[in-house]
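To be precise, the following lines are query37.cif, and they hold mmCIF, C-alpha atoms.
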```
data_run
#
loop_
_atom_site.label_atom_id
_atom_site.label_comp_id
_atom_site.auth_asym_id
_atom_site.auth_seq_id
_atom_site.Cartn_x
_atom_site.Cartn_y
_atom_site.Cartn_z
CA MET D 1 10.16 28.99 -14.61
CA ALA D 2 13.02 26.49 -14.26
CA LYS D 3 15.28 27.01 -11.26
CA PRO D 4 19.02 27.19 -11.66
CA ASP D 5 20.78 23.92 -10.83
CA HIS D 6 22.59 25.36 -7.81
CA GLN D 7 19.26 26.44 -6.27
CA ALA D 8 17.72 22.99 -6.82
CA MET D 9 20.79 21.39 -5.24
CA SER D 10 20.51 23.69 -2.27
CA GLU D 11 16.87 22.66 -1.80
CA MET D 12 17.84 18.99 -1.91
CA ARG D 13 20.45 19.60 0.77
CA VAL D 14 17.79 21.17 2.99
CA ILE D 15 15.64 18.05 2.53
CA GLU D 16 18.61 15.77 3.19
CA ASP D 17 19.45 17.72 6.34
CA ALA D 18 15.86 17.38 7.55
CA GLU D 19 16.01 13.64 6.88
CA GLN D 20 19.28 13.29 8.78
CA ARG D 21 17.77 14.98 11.80
CA GLY D 22 14.85 12.54 11.72
CA ARG D 23 17.10 9.50 12.19
CA THR D 24 16.58 7.28 15.20
CA ASP D 25 17.59 3.73 16.06
CA LEU D 26 14.67 2.55 13.96
CA TRP D 27 14.09 5.22 11.33
CA PRO D 28 14.79 5.01 8.46
CA PHE D 29 14.10 1.30 8.34
CA TRP D 30 15.94 0.86 5.04
CA ARG D 31 19.28 1.51 6.76
CA LYS D 32 19.40 -1.81 8.59
CA ALA D 33 17.96 -3.70 5.64
CA TYR D 34 20.61 -2.49 3.18
CA ALA D 35 23.42 -2.78 5.76
CA GLN D 36 22.98 -6.54 5.53
CA GLY D 37 23.39 -6.54 1.73
CA ASP D 38 21.02 -5.90 -1.14
CA PRO D 39 17.60 -6.92 0.21
CA LEU D 40 15.86 -7.13 -3.17
CA PRO D 41 16.32 -9.63 -5.99
CA ARG D 42 17.86 -8.59 -9.27
CA LEU D 43 15.34 -7.99 -12.05
CA GLU D 44 17.11 -8.90 -15.23
CA CYS D 45 15.72 -8.72 -18.74
CA LYS D 46 16.41 -12.03 -20.44
CA LEU D 47 15.00 -10.99 -23.80
CA SER D 48 16.86 -9.40 -26.66
CA ARG D 49 15.59 -5.86 -27.16
CA PRO D 50 16.72 -2.58 -28.66
CA VAL D 51 18.45 -0.06 -26.40
CA HIS D 52 16.41 3.09 -25.82
CA ARG D 53 17.27 6.11 -23.73
CA PHE D 54 15.16 9.24 -23.44
CA ASP D 55 15.81 12.26 -21.27
CA GLU D 56 13.52 15.10 -20.27
CA GLY D 57 12.68 17.23 -23.27
CA ASP D 58 13.52 14.57 -25.83
CA PRO D 59 10.77 13.85 -28.36
CA LEU D 60 9.15 10.59 -27.26
CA PRO D 61 7.59 7.98 -29.55
CA GLU D 62 3.83 8.01 -29.10
CA GLU D 63 3.60 4.44 -27.80
CA TYR D 64 6.49 5.03 -25.40
CA LYS D 65 4.94 8.15 -23.95
CA GLY D 66 1.58 6.45 -23.57
CA LEU D 67 3.12 3.54 -21.68
CA LEU D 68 5.20 5.83 -19.49
CA LEU D 69 2.15 7.90 -18.57
CA LYS D 70 0.18 4.75 -17.85
CA MET D 71 2.93 3.56 -15.52
CA LEU D 72 3.08 6.89 -13.73
CA ARG D 73 -0.71 7.02 -13.36
CA HIS D 74 -0.54 3.71 -11.49
CA GLU D 75 2.36 4.92 -9.36
CA GLY D 76 0.35 7.89 -8.24
CA GLU D 77 2.73 9.58 -5.80
CA ARG D 78 2.44 13.09 -7.23
CA ALA D 79 1.95 16.32 -5.33
CA GLY D 80 -0.74 17.29 -7.85
CA ASN D 81 -2.68 14.06 -7.47
CA LYS D 82 -5.53 14.79 -5.06
CA SER D 83 -6.22 11.10 -4.60
CA PHE D 84 -2.67 10.46 -3.42
CA LEU D 85 -2.99 13.27 -0.88
CA GLY D 86 -6.31 11.76 0.19
CA LEU D 87 -4.70 8.37 0.72
CA MET D 88 -2.05 10.03 2.86
CA GLY D 89 -4.84 11.68 4.84
CA THR D 90 -6.34 8.28 5.59
CA CYS D 91 -2.94 7.10 6.82
CA LEU D 92 -2.85 9.98 9.30
CA GLU D 93 -6.34 9.19 10.53
CA ILE D 94 -5.52 5.52 10.95
CA ALA D 95 -2.41 6.39 12.95
CA GLU D 96 -4.38 8.73 15.20
CA ALA D 97 -7.27 6.34 15.74
CA LEU D 98 -5.66 2.89 15.79
CA PHE D 99 -1.94 3.04 16.50
CA PRO D 100 -1.07 1.90 20.01
CA THR D 101 1.80 4.15 21.15
CA PRO D 102 3.34 7.59 20.59
CA GLU D 103 6.43 5.85 19.16
CA THR D 104 4.44 4.05 16.44
CA LYS D 105 2.54 7.25 15.62
CA LEU D 106 5.82 9.10 15.17
CA LEU D 107 7.12 6.37 12.86
CA LYS D 108 3.99 6.79 10.79
CA ALA D 109 4.60 10.53 10.65
CA GLU D 110 8.12 9.89 9.33
CA TYR D 111 6.58 7.64 6.70
CA LEU D 112 4.19 10.40 5.66
CA ALA D 113 7.04 12.89 5.37
CA GLU D 114 9.00 10.55 3.14
CA GLU D 115 6.04 9.84 0.88
CA LEU D 116 5.52 13.56 0.48
CA LYS D 117 9.16 13.83 -0.57
CA HIS D 118 8.37 11.29 -3.29
CA ALA D 119 5.35 13.39 -4.25
CA ILE D 120 7.69 16.31 -4.97
CA MET D 121 10.11 14.11 -6.92
CA PHE D 122 7.35 12.61 -9.08
CA HIS D 123 5.79 16.05 -9.50
CA ARG D 124 9.01 17.29 -11.09
CA LEU D 125 9.10 14.23 -13.32
CA ALA D 126 5.48 14.79 -14.36
CA VAL D 127 6.07 18.45 -15.19
CA GLY D 128 9.05 17.46 -17.34
CA LEU D 129 6.94 14.94 -19.19
CA GLN D 130 3.61 16.65 -19.79
CA HIS D 131 2.47 19.78 -17.96
CA ASP D 132 -1.21 18.90 -17.64
CA PHE D 133 -0.36 15.49 -16.18
CA ALA D 134 1.11 17.19 -13.12
CA LEU D 135 -2.32 18.24 -11.88
CA ARG D 136 -4.28 15.21 -12.98
CA ASP D 137 -6.28 13.46 -10.27
CA VAL D 138 -5.87 9.71 -10.65
CA PRO D 139 -7.60 7.69 -7.94
CA TYR D 140 -5.82 4.44 -7.16
CA ALA D 141 -7.66 1.90 -9.25
CA HIS D 142 -6.43 -1.31 -7.64
CA TYR D 143 -8.57 -2.68 -4.85
CA SER D 144 -5.57 -3.24 -2.57
CA PHE D 145 -5.49 0.52 -1.95
CA HIS D 146 -9.13 0.38 -0.87
CA LEU D 147 -9.26 -2.62 1.44
CA PRO D 148 -10.69 -1.77 4.85
CA ARG D 149 -8.15 -1.01 7.54
CA GLU D 150 -9.75 -1.66 10.92
CA THR D 151 -6.77 -2.45 13.08
CA TRP D 152 -3.11 -1.57 13.45
CA ALA D 153 -2.36 -4.99 11.95
CA ASP D 154 -4.29 -4.08 8.77
CA ASP D 155 -2.14 -1.01 8.38
CA ALA D 156 1.01 -3.02 9.08
CA PHE D 157 0.12 -5.45 6.27
CA PHE D 158 -0.77 -2.53 3.99
CA HIS D 159 2.75 -1.15 4.37
CA PHE D 160 4.53 -4.47 4.33
CA PHE D 161 2.86 -5.54 1.10
CA VAL D 162 1.89 -2.38 -0.80
CA ASP D 163 5.04 -0.35 -0.18
CA LEU D 164 7.08 -3.41 -1.05
CA ASN D 165 5.30 -3.53 -4.40
CA GLY D 166 6.58 0.02 -4.91
CA ALA D 167 10.10 -1.04 -3.95
CA PHE D 168 10.09 -3.87 -6.49
CA HIS D 169 8.91 -1.57 -9.28
CA SER D 170 11.46 1.04 -8.30
CA ARG D 171 14.15 -1.62 -8.43
CA ASP D 172 13.12 -2.25 -12.01
CA TRP D 173 13.33 1.49 -12.78
CA ARG D 174 17.04 1.46 -11.98
CA GLU D 175 17.43 0.23 -15.55
CA SER D 176 14.67 2.41 -17.01
CA SER D 177 15.12 3.91 -20.45
CA TYR D 178 13.52 7.12 -19.16
CA VAL D 179 16.46 8.92 -17.59
CA PRO D 180 14.58 11.08 -15.04
CA LEU D 181 12.93 7.93 -13.65
CA GLN D 182 16.17 5.98 -13.68
CA LYS D 183 17.88 8.77 -11.70
CA MET D 184 15.38 8.75 -8.85
CA ALA D 185 14.82 4.98 -8.78
CA ALA D 186 17.43 4.08 -6.15
CA THR D 187 16.11 6.64 -3.67
CA VAL D 188 12.48 5.63 -4.13
CA GLU D 189 13.36 1.93 -3.94
CA ARG D 190 15.30 2.42 -0.72
CA ASP D 191 12.54 4.46 0.90
CA GLU D 192 9.73 2.12 -0.15
CA LEU D 193 11.68 -0.87 1.12
CA GLY D 194 12.01 1.02 4.39
CA HIS D 195 8.25 1.60 4.52
CA SER D 196 7.69 -2.09 4.00
CA GLU D 197 10.15 -2.81 6.80
CA MET D 198 8.20 -0.42 9.01
CA GLY D 199 5.07 -2.51 8.39
CA TYR D 200 7.08 -5.64 9.10
CA TYR D 201 8.37 -4.15 12.35
CA PHE D 202 4.77 -3.46 13.37
CA LEU D 203 3.82 -7.03 12.48
CA THR D 204 6.71 -8.33 14.57
CA GLU D 205 5.36 -6.39 17.52
CA ILE D 206 1.80 -7.55 16.87
CA CYS D 207 2.84 -11.22 16.65
CA GLN D 208 4.56 -11.13 20.04
CA ASP D 209 1.46 -12.44 21.77
CA ARG D 210 -1.07 -15.12 20.90
CA ARG D 211 -4.03 -12.84 20.25
CA GLY D 212 -1.95 -10.62 18.00
CA ARG D 213 -0.66 -13.58 16.03
CA ILE D 214 -4.18 -14.96 15.61
CA LEU D 215 -5.39 -11.58 14.37
CA ALA D 216 -2.44 -11.25 11.98
CA GLN D 217 -2.98 -14.76 10.59
CA ARG D 218 -6.68 -14.08 10.01
CA ILE D 219 -6.32 -10.76 8.24
CA LEU D 220 -3.35 -12.01 6.23
CA ALA D 221 -6.02 -13.89 4.27
CA LYS D 222 -7.37 -10.50 3.18
CA TRP D 223 -4.03 -8.90 2.26
CA TYR D 224 -2.09 -11.76 0.69
CA PRO D 225 -4.22 -12.23 -2.45
CA ALA D 226 -4.44 -8.47 -2.91
CA ALA D 227 -0.66 -8.18 -2.69
CA LEU D 228 -0.13 -10.82 -5.38
CA ASP D 229 -2.91 -9.32 -7.52
CA MET D 230 -1.17 -5.95 -7.53
CA PHE D 231 1.25 -7.08 -10.24
CA GLY D 232 -1.58 -7.53 -12.73
CA ARG D 233 -2.44 -10.38 -15.03
CA SER D 234 0.35 -12.71 -16.07
CA ASP D 235 -0.87 -12.56 -19.68
CA SER D 236 -1.07 -8.77 -19.82
CA PRO D 237 -0.75 -7.69 -23.47
CA ASN D 238 1.11 -4.53 -22.46
CA ALA D 239 3.97 -6.29 -20.66
CA PRO D 240 5.97 -7.09 -23.83
CA LYS D 241 5.60 -3.46 -24.93
CA PHE D 242 6.92 -2.13 -21.62
CA ILE D 243 9.88 -4.51 -21.89
CA HIS D 244 10.54 -3.65 -25.54
CA TRP D 245 10.79 0.06 -24.72
CA GLY D 246 13.00 -0.45 -21.69
CA LEU D 247 10.36 0.72 -19.22
CA LYS D 248 10.31 -2.67 -17.51
CA SER D 249 12.79 -5.53 -17.41
CA VAL D 250 10.54 -8.47 -16.58
CA ASP D 251 6.91 -9.39 -17.09
CA ASN D 252 4.18 -9.43 -14.43
CA ALA D 253 4.51 -13.14 -13.69
CA GLU D 254 8.24 -12.94 -13.06
CA ILE D 255 8.16 -9.89 -10.78
CA ARG D 256 5.24 -11.45 -8.87
CA ARG D 257 7.21 -14.70 -8.47
CA LEU D 258 10.21 -12.87 -7.02
CA TYR D 259 7.99 -10.76 -4.77
CA LYS D 260 6.19 -13.86 -3.51
CA GLU D 261 9.48 -15.56 -2.64
CA TYR D 262 10.48 -12.47 -0.67
CA VAL D 263 7.24 -12.03 1.29
CA ASP D 264 6.75 -15.75 1.95
CA ARG D 265 10.17 -15.96 3.60
CA LYS D 266 9.35 -13.00 5.83
CA LEU D 267 5.88 -14.29 6.74
CA VAL D 268 7.31 -17.65 7.78
CA ALA D 269 9.87 -15.85 9.94
CA LEU D 270 6.96 -14.21 11.75
CA GLY D 271 5.52 -17.63 12.52
CA LEU D 272 2.59 -17.15 10.13
CA ASP D 273 1.26 -19.73 7.69
CA VAL D 274 1.52 -18.61 4.07
CA PRO D 275 -1.94 -18.69 2.44
CA ASP D 276 -2.70 -20.63 -0.71
CA GLU D 277 -1.46 -18.40 -3.52
CA ARG D 278 -4.56 -19.00 -5.66
CA LYS D 279 -7.18 -18.43 -2.97
CA ASN D 280 -9.31 -15.30 -3.47
CA ARG D 281 -7.11 -14.09 -6.31
CA ARG D 282 -8.76 -11.80 -8.88
CA PHE D 283 -5.91 -11.20 -11.34
CA LEU D 284 -3.99 -14.33 -12.19
CA MET L 1 -23.80 6.84 -3.78
CA SER L 2 -22.20 4.27 -6.07
CA GLN L 3 -23.24 0.64 -6.13
CA ILE L 4 -19.96 -0.41 -4.47
CA VAL L 5 -20.29 2.19 -1.74
CA GLU L 6 -23.85 1.05 -1.07
CA GLU L 7 -22.59 -2.55 -0.83
CA ILE L 8 -19.94 -1.44 1.67
CA ARG L 9 -22.49 0.52 3.69
CA GLN L 10 -24.87 -2.44 3.92
CA ALA L 11 -22.12 -4.94 4.75
CA TYR L 12 -20.83 -2.91 7.66
CA ALA L 13 -24.26 -1.86 8.92
CA ARG L 14 -24.99 -5.51 9.81
CA VAL L 15 -22.13 -5.60 12.31
CA GLY L 16 -22.82 -2.19 13.80
CA ILE L 17 -20.41 -0.04 11.82
CA THR L 18 -21.54 3.10 10.00
CA LEU L 19 -20.03 4.34 6.76
CA ASP L 20 -19.30 8.04 7.29
CA GLN L 21 -19.49 10.78 4.69
CA PRO L 22 -16.81 10.56 1.99
CA ALA L 23 -13.44 11.96 2.99
CA ALA L 24 -10.18 12.39 1.14
CA TYR L 25 -11.68 13.83 -2.06
CA GLY L 26 -14.45 11.27 -2.20
CA THR L 27 -12.32 8.16 -2.50
CA TYR L 28 -12.18 6.97 1.09
CA TYR L 29 -14.73 6.67 3.87
CA ARG L 30 -14.29 6.53 7.62
CA LEU L 31 -15.83 3.59 9.43
CA LEU L 32 -17.53 4.68 12.63
CA CYS L 33 -18.84 2.62 15.51
CA ALA L 34 -22.63 2.76 15.31
CA GLY L 35 -22.75 2.55 19.09
CA CYS L 36 -20.51 5.41 20.17
CA GLY L 37 -19.36 7.16 16.98
CA ARG L 38 -15.67 6.39 17.44
CA MET L 39 -13.60 5.91 14.27
CA VAL L 40 -12.78 2.22 13.89
CA GLY L 41 -11.11 2.29 10.48
CA ASN L 42 -11.51 3.35 6.87
CA VAL L 43 -12.25 1.86 3.49
CA GLY L 44 -11.94 2.94 -0.13
CA ASP L 45 -14.61 2.99 -2.83
CA LYS L 46 -12.83 0.76 -5.34
CA LEU L 47 -13.45 -2.63 -3.81
CA LEU L 48 -14.61 -5.16 -6.36
CA PRO L 49 -18.28 -6.23 -6.52
CA ASP L 50 -19.34 -8.51 -3.62
CA MET L 51 -15.99 -8.02 -1.92
CA ALA L 52 -17.21 -5.91 1.00
CA GLN L 53 -19.81 -8.44 2.13
CA ALA L 54 -17.31 -11.30 1.90
CA LEU L 55 -14.69 -9.40 3.89
CA VAL L 56 -17.08 -8.47 6.68
CA ASP L 57 -18.45 -12.04 6.82
CA GLU L 58 -14.91 -13.39 7.08
CA GLN L 59 -14.32 -11.10 10.01
CA PHE L 60 -17.45 -12.10 11.93
CA ASP L 61 -15.62 -14.04 14.63
CA LEU L 62 -12.99 -11.31 14.97
CA TYR L 63 -15.77 -8.86 15.84
CA ALA L 64 -17.42 -11.49 18.05
CA SER L 65 -14.24 -12.10 20.02
CA GLY L 66 -13.36 -8.42 20.30
CA LEU L 67 -10.20 -8.70 18.20
CA LEU L 68 -11.81 -6.24 15.80
CA GLY L 69 -14.31 -3.50 16.49
CA CYS L 70 -14.75 -0.65 18.90
CA PRO L 71 -13.53 -0.87 22.51
CA CYS L 72 -17.10 -0.01 23.57
CA GLY L 73 -18.10 -3.55 22.54
CA HIS L 74 -20.88 -2.59 20.14
CA GLN L 75 -19.77 -4.91 17.31
CA LYS L 76 -19.32 -7.74 19.78
CA GLU L 77 -22.93 -7.30 20.88
CA ARG L 78 -24.18 -6.91 17.32
CA THR L 79 -22.57 -10.15 16.20
CA ARG L 80 -24.07 -11.97 19.18
CA ALA L 81 -27.51 -10.72 18.15
CA LEU L 82 -26.89 -11.72 14.54
CA ASP L 83 -25.82 -15.32 15.15
CA GLY L 84 -25.58 -16.49 18.74
CA GLU L 85 -24.20 -19.92 17.92
CA ARG L 86 -21.41 -18.62 15.70
CA TRP L 87 -20.70 -15.94 18.29
CA LYS L 88 -20.33 -18.57 21.01
CA GLN L 89 -17.95 -20.62 18.91
CA ALA L 90 -15.86 -17.54 18.23
CA GLN L 91 -15.12 -17.04 21.90
CA GLN L 92 -13.18 -20.25 22.49
CA PRO L 93 -10.49 -20.70 19.84
CA LEU L 94 -9.52 -17.05 20.01
CA GLY L 95 -9.18 -17.11 23.78
CA ALA L 96 -11.51 -14.18 24.32
#
```
Just give me the structure as structure tokens.
Amino acid sequence: MAKPDHQAMSEMRVIEDAEQRGRTDLWPFWRKAYAQGDPLPRLECKLSRPVHRFDEGDPLPEEYKGLLLKMLRHEGERAGNKSFLGLMGTCLEIAEALFPTPETKLLKAEYLAEELKHAIMFHRLAVGLQHDFALRDVPYAHYSFHLPRETWADDAFFHFFVDLNGAFHSRDWRESSYVPLQKMAATVERDELGHSEMGYYFLTEICQDRRGRILAQRILAKWYPAALDMFGRSDSPNAPKFIHWGLKSVDNAEIRRLYKEYVDRKLVALGLDVPDERKNRRFL
Amino acid sequence: MSQIVEEIRQAYARVGITLDQPAAYGTYYRLLCAGCGRMVGNVGDKLLPDMAQALVDEQFDLYASGLLGCPCGHQKERTRALDGERWKQAQQPLGA
């Protein structure tokens, strides 16, 4: 049964209040990043295309709905997606087993809380789109979600790269033709950018000493190709369809190029050497 | 056990790390120190073919120098037993 608007608003205020009380000098990491201006590049469609706009409950063209569901399957952050909850479970275990201080463990707990907020938001979106999708288990298919994490530095790279991928996609959703996604895009983008900044903060700490920097440089070779591979093949046949329907603004090659510019600048600032962009790549 | 999971299990067994029972609805596995049982990480079951072996090989000198692996030193000892010469080389540049 749908809840009245005023009740839903009240629930959001409770969540916002909880988030406010969780603020520290560091958390949420997005605050400092956005205070210095827009941290992410603009993703602008340079092709001529028809204008589409669909809201919850509107009849959707079959191809459009198929593409939207495909996109949301990849995104994965749904309360009803067992595999997402499992991934979150691994994050907790990593924090318990490998994180060095109570402060870093608490930051990871804040991260978990925020991802679970997204799981509620995407759950609502899924229910509005197709009821049986809300409970569908969709394991993350991309290998970047499955790379071994054997050190705090692995987890730091996981957040820096993988959550940033989410921030870039969310940035694109600001212009999405699917209204429920467009409405939540700014919040998800901001949070995911903050999660990436959390990983970057950890990397900054790790690179303070020589052994940490050596470790970070070595395992960067594992994470860098995976991060670039996450955007898919540059010649993906679906990309023009996503753009045509207003579900994406740019193709895989362009978003990867902008992402690479962003991460390379930050890696250099850490004192790390940027790996060869073609080495160990699986999806060019 | 899937082919990929078996590949992961074999790759880690060489350096003294045991793949635990599946956790998190069967998608992820804890990595446990084969010496003392402590959790040393986790891994998912959707690595690409041959990826697990390559990743563990790449990390040989990190285990050898103690930058990766359990604080009990089991992986450090295992890598020394596996390839003494490579193990010795790994000690110097990493400052271990």
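Relative to CA of Gln75 (chain L), CA of Cys33 (chain L) is found at 7.8 Å.
Minimum atom-to-atom distance to Leu47 (chain L), evaluated using only C-alpha atoms, belongs to D:Ser144 out of D:Gln217, D:Asn238, D:Gln130, D:Ser144.
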- Message: Evaluated on this file, the PyMOL selection byres ((chain L) within 6 of (chain D)) picks out some residues - which ones are they, written as number ranges by chain?
- Response: L: 24, 40-44, 46-47
I need the residues from that last selection saved to file as a PDB file, in the coordinates of the input (with C-alpha atoms), if you can.
```pdb
ATOM      1  CA  ALA L  24     -10.180  12.390   1.140  1.00  0.00           C
ATOM      2  CA  VAL L  40     -12.780   2.220  13.890  1.00  0.00           C
ATOM      3  CA  GLY L  41     -11.110   2.290  10.480  1.00  0.00           C
ATOM      4  CA  ASN L  42     -11.510   3.350   6.870  1.00  0.00           C
ATOM      5  CA  VAL L  43     -12.250   1.860   3.490  1.00  0.00           C
ATOM      6  CA  GLY L  44     -11.940   2.940  -0.130  1.00  0.00           C
ATOM      7  CA  LYS L  46     -12.830   0.760  -5.340  1.00  0.00           C
ATOM      8  CA  LEU L  47     -13.450  -2.630  -3.810  1.00  0.00           C
TER       9      LEU L  47
END
```
- Task: List the neighbours of Ala239 (chain D) out to 8 Å using only C-alpha atoms; skip same-chain residues closer than 6 positions along the sequence, and give me the result as a ChimeraX atom specification.
- Result: /D:248,251-252
- Message: Within 9 Å of (6.0, 3.6, -24.3) (file coordinates; all atoms listed in the file), which protein or nucleic acid residues are there? I'd like them as a list of chain:residue names.
- Response: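 Residues found, by chain and rising number: D:Leu60, D:Pro61, D:Glu62, D:Glu63, D:Tyr64, D:Lys65, D:Gly66, D:Leu67, D:Leu68, D:Leu69, D:Lys70, D:Lys241, D:Phe242, D:His244, D:Trp245, D:Gly246, D:Leu247.
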- Message: I'd like the residues picked by the PyMOL selection byres ((chain L and resi 48-61) around 6) written out as a PyMOL selection string, using the chain letters and numbers from the file.
- Response: chain L and resi 8+11+47+62-65+90
Serialized selection, C-alpha atoms, as an mmCIF file, keeping the file's coordinate frame:
```
data_model
loop_
_atom_site.group_PDB
_atom_site.id
_atom_site.type_symbol
_atom_site.label_atom_id
_atom_site.label_comp_id
_atom_site.auth_asym_id
_atom_site.auth_seq_id
_atom_site.Cartn_x
_atom_site.Cartn_y
_atom_site.Cartn_z
ATOM 1 C CA ILE L 8 -19.940 -1.440 1.670
ATOM 2 C CA ALA L 11 -22.120 -4.940 4.750
ATOM 3 C CA LEU L 47 -13.450 -2.630 -3.810
ATOM 4 C CA LEU L 62 -12.990 -11.310 14.970
ATOM 5 C CA TYR L 63 -15.770 -8.860 15.840
ATOM 6 C CA ALA L 64 -17.420 -11.490 18.050
ATOM 7 C CA SER L 65 -14.240 -12.100 20.020
ATOM 8 C CA ALA L 90 -15.860 -17.540 18.230
#
```
- Message: Given all atoms listed in the file as the basis, pick out the residue of D:Leu47, D:Val263, D:Ile15, D:Ala216 nearest to Ala113 (chain D).
- Response: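 With all atoms listed in the file as the atom set, the closest residue is D:Ile15.
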Reconstruct N, CA and C atoms of region 13-34 of chain L from the incomplete input and present them as a CSV table (one decimal), in the frame of the given file.
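Resulting contents of out_4.csv:
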```
chain,number,residue,atom,x,y,z
L,13,ALA,N,-23.1,-2.2,8.1
L,13,ALA,CA,-24.3,-1.9,8.9
L,13,ALA,C,-24.7,-3.1,9.7
L,14,ARG,N,-24.6,-4.3,9.1
L,14,ARG,CA,-25.0,-5.5,9.8
L,14,ARG,C,-24.2,-5.7,11.1
L,15,VAL,N,-22.9,-5.3,11.1
L,15,VAL,CA,-22.1,-5.6,12.3
L,15,VAL,C,-22.0,-4.4,13.2
L,16,GLY,N,-22.8,-3.4,12.9
L,16,GLY,CA,-22.8,-2.2,13.8
L,16,GLY,C,-21.7,-1.2,13.5
L,17,ILE,N,-21.4,-1.0,12.2
L,17,ILE,CA,-20.4,0.0,11.8
L,17,ILE,C,-21.0,0.8,10.7
L,18,THR,N,-20.9,2.1,10.9
L,18,THR,CA,-21.5,3.1,10.0
L,18,THR,C,-20.5,3.6,9.0
L,19,LEU,N,-20.9,3.7,7.8
L,19,LEU,CA,-20.0,4.3,6.8
L,19,LEU,C,-20.3,5.8,6.8
L,20,ASP,N,-19.2,6.6,7.1
L,20,ASP,CA,-19.3,8.0,7.3
L,20,ASP,C,-19.4,8.7,5.9
L,21,GLN,N,-19.5,10.0,5.9
L,21,GLN,CA,-19.5,10.8,4.7
L,21,GLN,C,-18.1,10.6,4.0
L,22,PRO,N,-18.1,10.7,2.7
L,22,PRO,CA,-16.8,10.6,2.0
L,22,PRO,C,-15.8,11.6,2.5
L,23,ALA,N,-14.6,11.1,2.6
L,23,ALA,CA,-13.4,12.0,3.0
L,23,ALA,C,-12.4,11.8,1.9
L,24,ALA,N,-11.3,12.5,2.0
L,24,ALA,CA,-10.2,12.4,1.1
L,24,ALA,C,-10.6,12.5,-0.3
L,25,TYR,N,-11.3,13.6,-0.7
L,25,TYR,CA,-11.7,13.8,-2.1
L,25,TYR,C,-12.6,12.8,-2.6
L,26,GLY,N,-13.4,12.2,-1.7
L,26,GLY,CA,-14.4,11.3,-2.2
L,26,GLY,C,-14.0,9.9,-2.5
L,27,THR,N,-12.8,9.5,-2.2
L,27,THR,CA,-12.3,8.2,-2.5
L,27,THR,C,-12.4,7.2,-1.3
L,28,TYR,N,-12.2,7.8,-0.1
L,28,TYR,CA,-12.2,7.0,1.1
L,28,TYR,C,-13.3,7.4,2.1
L,29,TYR,N,-13.7,6.4,2.9
L,29,TYR,CA,-14.7,6.7,3.9
L,29,TYR,C,-14.3,6.2,5.2
L,30,ARG,N,-14.6,7.0,6.3
L,30,ARG,CA,-14.3,6.5,7.6
L,30,ARG,C,-15.3,5.5,8.0
L,31,LEU,N,-14.9,4.5,8.8
L,31,LEU,CA,-15.8,3.6,9.4
L,31,LEU,C,-16.0,4.0,10.9
L,32,LEU,N,-17.3,4.2,11.3
L,32,LEU,CA,-17.5,4.7,12.6
L,32,LEU,C,-18.3,3.6,13.4
L,33,CYS,N,-18.0,3.5,14.7
L,33,CYS,CA,-18.8,2.6,15.5
L,33,CYS,C,-20.3,3.2,15.6
L,34,ALA,N,-21.2,2.3,15.3
L,34,ALA,CA,-22.6,2.8,15.3
L,34,ALA,C,-23.1,2.9,16.7
```
